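Dumped input.txt below, it's compact mmCIF, N, CA and C atoms:
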# COMPACT_ATOMS: atom_id res chain seq x y z
N THR A 1 6.81 8.90 18.24
CA THR A 1 7.88 8.61 19.18
C THR A 1 9.20 8.52 18.44
N GLY A 2 10.28 8.47 19.18
CA GLY A 2 11.59 8.31 18.58
C GLY A 2 11.74 6.99 17.85
N SER A 3 11.04 5.97 18.33
CA SER A 3 11.17 4.67 17.67
C SER A 3 10.58 4.70 16.27
N SER A 4 9.53 5.47 16.04
CA SER A 4 8.96 5.57 14.70
C SER A 4 9.97 6.15 13.72
N ALA A 5 10.71 7.16 14.14
CA ALA A 5 11.75 7.73 13.29
C ALA A 5 12.85 6.71 13.02
N ALA A 6 13.19 5.92 14.02
CA ALA A 6 14.21 4.89 13.84
C ALA A 6 13.75 3.84 12.84
N PHE A 7 12.48 3.43 12.92
CA PHE A 7 11.95 2.47 11.94
C PHE A 7 12.00 3.06 10.54
N ASN A 8 11.65 4.32 10.41
CA ASN A 8 11.69 5.00 9.12
C ASN A 8 13.10 4.93 8.53
N LEU A 9 14.10 5.28 9.32
CA LEU A 9 15.49 5.25 8.84
C LEU A 9 15.93 3.83 8.51
N ALA A 10 15.56 2.87 9.35
CA ALA A 10 15.94 1.48 9.10
C ALA A 10 15.33 0.97 7.80
N PHE A 11 14.06 1.25 7.58
CA PHE A 11 13.41 0.80 6.36
C PHE A 11 14.01 1.48 5.13
N LEU A 12 14.35 2.77 5.25
CA LEU A 12 15.01 3.47 4.14
C LEU A 12 16.36 2.85 3.81
N ALA A 13 17.08 2.41 4.84
CA ALA A 13 18.40 1.81 4.63
C ALA A 13 18.31 0.42 4.01
N MET A 14 17.26 -0.31 4.31
CA MET A 14 17.17 -1.71 3.88
C MET A 14 16.40 -1.94 2.59
N PHE A 15 15.43 -1.07 2.29
CA PHE A 15 14.51 -1.35 1.19
C PHE A 15 14.40 -0.17 0.24
N ASP A 16 14.01 -0.49 -0.98
CA ASP A 16 13.74 0.51 -2.01
C ASP A 16 12.25 0.52 -2.33
N PRO A 17 11.74 1.63 -2.87
CA PRO A 17 10.34 1.63 -3.29
C PRO A 17 10.07 0.47 -4.24
N GLY A 18 8.94 -0.20 -4.02
CA GLY A 18 8.58 -1.35 -4.84
C GLY A 18 9.01 -2.69 -4.27
N ASP A 19 9.97 -2.68 -3.33
CA ASP A 19 10.35 -3.94 -2.68
C ASP A 19 9.16 -4.51 -1.93
N ARG A 20 9.11 -5.83 -1.84
CA ARG A 20 8.03 -6.52 -1.11
C ARG A 20 8.58 -7.01 0.22
N VAL A 21 7.88 -6.67 1.30
CA VAL A 21 8.29 -7.06 2.65
C VAL A 21 7.11 -7.71 3.35
N ALA A 22 7.34 -8.90 3.89
CA ALA A 22 6.29 -9.63 4.60
C ALA A 22 6.23 -9.19 6.06
N ILE A 23 5.01 -9.04 6.55
CA ILE A 23 4.79 -8.75 7.97
C ILE A 23 3.61 -9.60 8.45
N ALA A 24 3.55 -9.81 9.75
CA ALA A 24 2.46 -10.58 10.34
C ALA A 24 1.17 -9.76 10.34
N ALA A 25 0.06 -10.47 10.15
CA ALA A 25 -1.26 -9.84 10.26
C ALA A 25 -2.10 -10.69 11.21
N PRO A 26 -2.55 -10.15 12.33
CA PRO A 26 -2.44 -8.74 12.70
C PRO A 26 -1.03 -8.39 13.15
N GLY A 27 -0.70 -7.14 13.02
CA GLY A 27 0.61 -6.66 13.41
C GLY A 27 0.56 -5.19 13.78
N TYR A 28 1.69 -4.69 14.21
CA TYR A 28 1.80 -3.30 14.64
C TYR A 28 1.55 -2.37 13.46
N PRO A 29 0.51 -1.54 13.50
CA PRO A 29 0.14 -0.72 12.35
C PRO A 29 1.23 0.24 11.88
N ALA A 30 2.07 0.72 12.77
CA ALA A 30 3.10 1.69 12.37
C ALA A 30 4.05 1.11 11.33
N TYR A 31 4.41 -0.17 11.45
CA TYR A 31 5.30 -0.78 10.45
C TYR A 31 4.67 -0.69 9.07
N ARG A 32 3.42 -1.10 8.98
CA ARG A 32 2.70 -1.11 7.71
C ARG A 32 2.59 0.31 7.15
N ASN A 33 2.24 1.25 8.01
CA ASN A 33 2.05 2.64 7.56
C ASN A 33 3.35 3.27 7.08
N ILE A 34 4.43 3.05 7.81
CA ILE A 34 5.72 3.63 7.42
C ILE A 34 6.18 3.05 6.09
N MET A 35 6.10 1.72 5.96
CA MET A 35 6.54 1.09 4.71
C MET A 35 5.69 1.56 3.53
N ALA A 36 4.38 1.64 3.72
CA ALA A 36 3.51 2.11 2.64
C ALA A 36 3.86 3.53 2.23
N ALA A 37 4.15 4.40 3.20
CA ALA A 37 4.53 5.78 2.90
C ALA A 37 5.84 5.85 2.12
N LEU A 38 6.71 4.87 2.32
CA LEU A 38 8.00 4.82 1.63
C LEU A 38 7.91 4.10 0.28
N GLY A 39 6.71 3.64 -0.09
CA GLY A 39 6.54 2.96 -1.36
C GLY A 39 6.93 1.50 -1.33
N ILE A 40 7.07 0.94 -0.13
CA ILE A 40 7.40 -0.47 0.03
C ILE A 40 6.10 -1.26 0.02
N GLU A 41 6.06 -2.34 -0.76
CA GLU A 41 4.85 -3.16 -0.82
C GLU A 41 4.79 -4.07 0.40
N VAL A 42 3.77 -3.90 1.20
CA VAL A 42 3.59 -4.71 2.40
C VAL A 42 2.80 -5.96 2.04
N VAL A 43 3.38 -7.12 2.37
CA VAL A 43 2.72 -8.41 2.15
C VAL A 43 2.31 -8.94 3.51
N GLU A 44 1.02 -8.91 3.78
CA GLU A 44 0.54 -9.36 5.08
C GLU A 44 0.39 -10.88 5.08
N ILE A 45 1.01 -11.52 6.07
CA ILE A 45 0.93 -12.96 6.23
C ILE A 45 0.01 -13.23 7.42
N GLU A 46 -1.12 -13.86 7.14
CA GLU A 46 -2.07 -14.16 8.21
C GLU A 46 -1.47 -15.18 9.17
N LEU A 47 -1.64 -14.91 10.45
CA LEU A 47 -1.10 -15.79 11.48
C LEU A 47 -2.04 -16.96 11.73
N ASN A 48 -1.43 -18.11 12.08
CA ASN A 48 -2.22 -19.26 12.52
C ASN A 48 -2.76 -18.98 13.91
N GLY A 49 -3.53 -19.89 14.44
CA GLY A 49 -4.09 -19.74 15.77
C GLY A 49 -3.06 -19.61 16.86
N ASP A 50 -1.81 -20.05 16.58
CA ASP A 50 -0.75 -19.96 17.60
C ASP A 50 -0.05 -18.60 17.59
N ALA A 51 -0.44 -17.69 16.70
CA ALA A 51 0.07 -16.32 16.63
C ALA A 51 1.51 -16.22 16.14
N TYR A 52 1.99 -17.22 15.38
CA TYR A 52 3.35 -17.19 14.85
C TYR A 52 3.35 -17.20 13.33
N LEU A 53 4.35 -16.54 12.75
CA LEU A 53 4.59 -16.66 11.32
C LEU A 53 5.18 -18.05 11.07
N HIS A 54 4.69 -18.72 10.05
CA HIS A 54 5.18 -20.06 9.73
C HIS A 54 5.88 -20.05 8.38
N ALA A 55 6.92 -20.86 8.28
CA ALA A 55 7.76 -20.89 7.07
C ALA A 55 6.95 -21.17 5.82
N GLU A 56 5.98 -22.07 5.90
CA GLU A 56 5.23 -22.42 4.68
C GLU A 56 4.45 -21.22 4.14
N HIS A 57 3.97 -20.34 5.02
CA HIS A 57 3.27 -19.15 4.56
C HIS A 57 4.23 -18.15 3.91
N LEU A 58 5.41 -18.02 4.50
CA LEU A 58 6.42 -17.12 3.92
C LEU A 58 6.90 -17.64 2.57
N LYS A 59 7.13 -18.96 2.48
CA LYS A 59 7.56 -19.56 1.21
C LYS A 59 6.52 -19.34 0.12
N ALA A 60 5.25 -19.51 0.47
CA ALA A 60 4.18 -19.32 -0.52
C ALA A 60 4.16 -17.88 -1.02
N ALA A 61 4.30 -16.92 -0.13
CA ALA A 61 4.33 -15.51 -0.53
C ALA A 61 5.54 -15.22 -1.40
N HIS A 62 6.69 -15.83 -1.08
CA HIS A 62 7.92 -15.62 -1.85
C HIS A 62 7.81 -16.25 -3.24
N ARG A 63 7.17 -17.43 -3.32
CA ARG A 63 6.99 -18.07 -4.62
C ARG A 63 6.07 -17.25 -5.52
N GLU A 64 5.06 -16.62 -4.91
CA GLU A 64 4.13 -15.79 -5.67
C GLU A 64 4.87 -14.65 -6.36
N LYS A 65 5.71 -13.98 -5.60
CA LYS A 65 6.56 -12.89 -6.11
C LYS A 65 7.62 -12.66 -5.05
N LYS A 66 8.86 -12.53 -5.48
CA LYS A 66 10.00 -12.47 -4.57
C LYS A 66 9.83 -11.42 -3.46
N LEU A 67 10.12 -11.86 -2.23
CA LEU A 67 10.15 -10.96 -1.08
C LEU A 67 11.55 -10.41 -0.90
N LYS A 68 11.66 -9.15 -0.55
CA LYS A 68 12.96 -8.56 -0.24
C LYS A 68 13.30 -8.74 1.23
N GLY A 69 12.27 -8.88 2.07
CA GLY A 69 12.52 -9.04 3.50
C GLY A 69 11.30 -9.52 4.25
N VAL A 70 11.55 -9.86 5.50
CA VAL A 70 10.49 -10.26 6.43
C VAL A 70 10.73 -9.50 7.72
N LEU A 71 9.69 -8.85 8.22
CA LEU A 71 9.80 -8.12 9.47
C LEU A 71 9.29 -9.00 10.60
N PHE A 72 10.19 -9.35 11.51
CA PHE A 72 9.82 -10.12 12.70
C PHE A 72 9.82 -9.17 13.89
N ALA A 73 8.81 -9.25 14.71
CA ALA A 73 8.75 -8.45 15.94
C ALA A 73 8.63 -9.41 17.12
N SER A 74 9.43 -9.19 18.13
CA SER A 74 9.38 -10.06 19.31
C SER A 74 9.62 -9.20 20.55
N PRO A 75 8.63 -9.04 21.42
CA PRO A 75 7.29 -9.61 21.33
C PRO A 75 6.45 -8.89 20.28
N ALA A 76 5.56 -9.65 19.68
CA ALA A 76 4.71 -9.12 18.61
C ALA A 76 3.57 -8.30 19.20
N ASN A 77 3.22 -7.24 18.51
CA ASN A 77 2.07 -6.42 18.88
C ASN A 77 1.01 -6.68 17.82
N PRO A 78 -0.17 -7.08 18.10
CA PRO A 78 -0.86 -7.13 19.38
C PRO A 78 -0.91 -8.52 20.02
N THR A 79 -0.29 -9.53 19.40
CA THR A 79 -0.48 -10.90 19.90
C THR A 79 0.33 -11.21 21.15
N GLY A 80 1.47 -10.54 21.33
CA GLY A 80 2.34 -10.83 22.47
C GLY A 80 3.23 -12.04 22.25
N ALA A 81 3.17 -12.65 21.07
CA ALA A 81 4.00 -13.83 20.78
C ALA A 81 5.48 -13.44 20.79
N VAL A 82 6.30 -14.34 21.32
CA VAL A 82 7.74 -14.13 21.41
C VAL A 82 8.43 -15.20 20.59
N ILE A 83 9.43 -14.81 19.81
CA ILE A 83 10.19 -15.78 19.02
C ILE A 83 11.02 -16.62 19.98
N PRO A 84 10.82 -17.94 19.93
CA PRO A 84 11.59 -18.80 20.87
C PRO A 84 13.06 -18.86 20.53

Could you express the structure from this file as structure tokens?
Amino acid sequence: TGSSAAFNLAFLAMFDPGDRVAIAAPGYPAYRNIMAALGIEVVEIELNGDAYLHAEHLKAAHREKKLKGVLFASPANPTGAVIP
């Protein structure tokens, strides 16, 4: 779809190969696939039972090795969670 091309361009503009970007797991597979194809390291953050990314999980991933970005989707696919 056209949105996949837009994500490709956005990720190219924001990140370089080797950058680490956190995404929710489970999450929309296209984000993971596009970033992997661009050489961006995808860091999957497992969601709690409430289907939200939590700061403590992001901080832990960042402490392990610096994150260049975090991809938030609202509403999230497949959970349907919306950022309040």

Residue with the minimum atom-to-atom distance to Ala60 in chain A, picked from A:Asp16, A:Val43, A:Gly27, A:Val82 with only C-alpha atoms counted, is A:Val43

Extract, using only C-alpha atoms, all DNA, RNA and protein residues at most 8 Å from range 8-10 of chain A, discarding same-chain residues fewer than 3 positions from it, and format them as a PyMOL selection string.
-> chain A and resi 4-5+13-14+34-35

Only N, CA and C atoms, please: the residues just picked out, written as a JSON list (two decimals), in the frame of the given file.
[["chain", "number", "residue", "atom", "x", "y", "z"],
["A", 4, "SER", "N", 9.53, 5.47, 16.04],
["A", 4, "SER", "CA", 8.96, 5.57, 14.70],
["A", 4, "SER", "C", 9.97, 6.15, 13.72],
["A", 5, "ALA", "N", 10.71, 7.16, 14.14],
["A", 5, "ALA", "CA", 11.75, 7.73, 13.29],
["A", 5, "ALA", "C", 12.85, 6.71, 13.02],
["A", 13, "ALA", "N", 17.08, 2.41, 4.84],
["A", 13, "ALA", "CA", 18.40, 1.81, 4.63],
["A", 13, "ALA", "C", 18.31, 0.42, 4.01],
["A", 14, "MET", "N", 17.26, -0.31, 4.31],
["A", 14, "MET", "CA", 17.17, -1.71, 3.88],
["A", 14, "MET", "C", 16.40, -1.94, 2.59],
["A", 34, "ILE", "N", 4.43, 3.05, 7.81],
["A", 34, "ILE", "CA", 5.72, 3.63, 7.42],
["A", 34, "ILE", "C", 6.18, 3.05, 6.09],
["A", 35, "MET", "N", 6.10, 1.72, 5.96],
["A", 35, "MET", "CA", 6.54, 1.09, 4.71],
["A", 35, "MET", "C", 5.69, 1.56, 3.53]]

request  = Can you pull out every residue within 6.5 Å of range 65-78 of chain A, counting all atoms listed in the file, but drop anything in the same chain fewer than 6 positions away, and send it as a PyMOL selection string?
outcome  = chain A and resi 19-24+26-28

Using only the atoms of range 35-48 of chain A listed in the file, plus 8 Å on each side, state the axis-aligned box centre and edge lengths in Å rounded to one decimal, as lines of an AutoDock Vina configuration file.
center_x = 2.6
center_y = -6.7
center_z = 6.3
size_x = 26.8
size_y = 41.1
size_z = 31.3

Determine which residues of range 2-72 of chain A DSSP labels as strand (DSSP E) from the backbone of this structure, then write them out as JSON, numbers by chain.
{"A": [20, 21, 22, 23, 24, 25, 41, 42, 43, 44, 45, 46, 69, 70]}

Inset, instruction - Return as a ChimeraX atom specification the full set of residues in chain A whose backbone-based DSSP assignment is helix (DSSP H, G or I). - result: /A:2-14,29-37,55-64

I'd like the interatomic distance between atom C of Ala25 in chain A and atom C of His54 in chain A, to a tenth of an Å.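 Calculated distance between atom C of Ala25 in chain A and atom C of His54 in chain A is 12.6 Å.
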
### Pairwise distance for CA of Ser3 in chain A and CA of Pro29 in chain A, rounded to one decimal in Å
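Between CA of Ser3 in chain A and CA of Pro29 in chain A the gap is 13.4 Å.
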
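CA of Glu41 in chain A is found 6.0 Å from atom N of Gly18 in chain A.
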
Closest of A:Ala30, A:Ala37, A:Ile83, A:Glu64 to Tyr52 in chain A, counting only C-alpha atoms, is A:Ile83
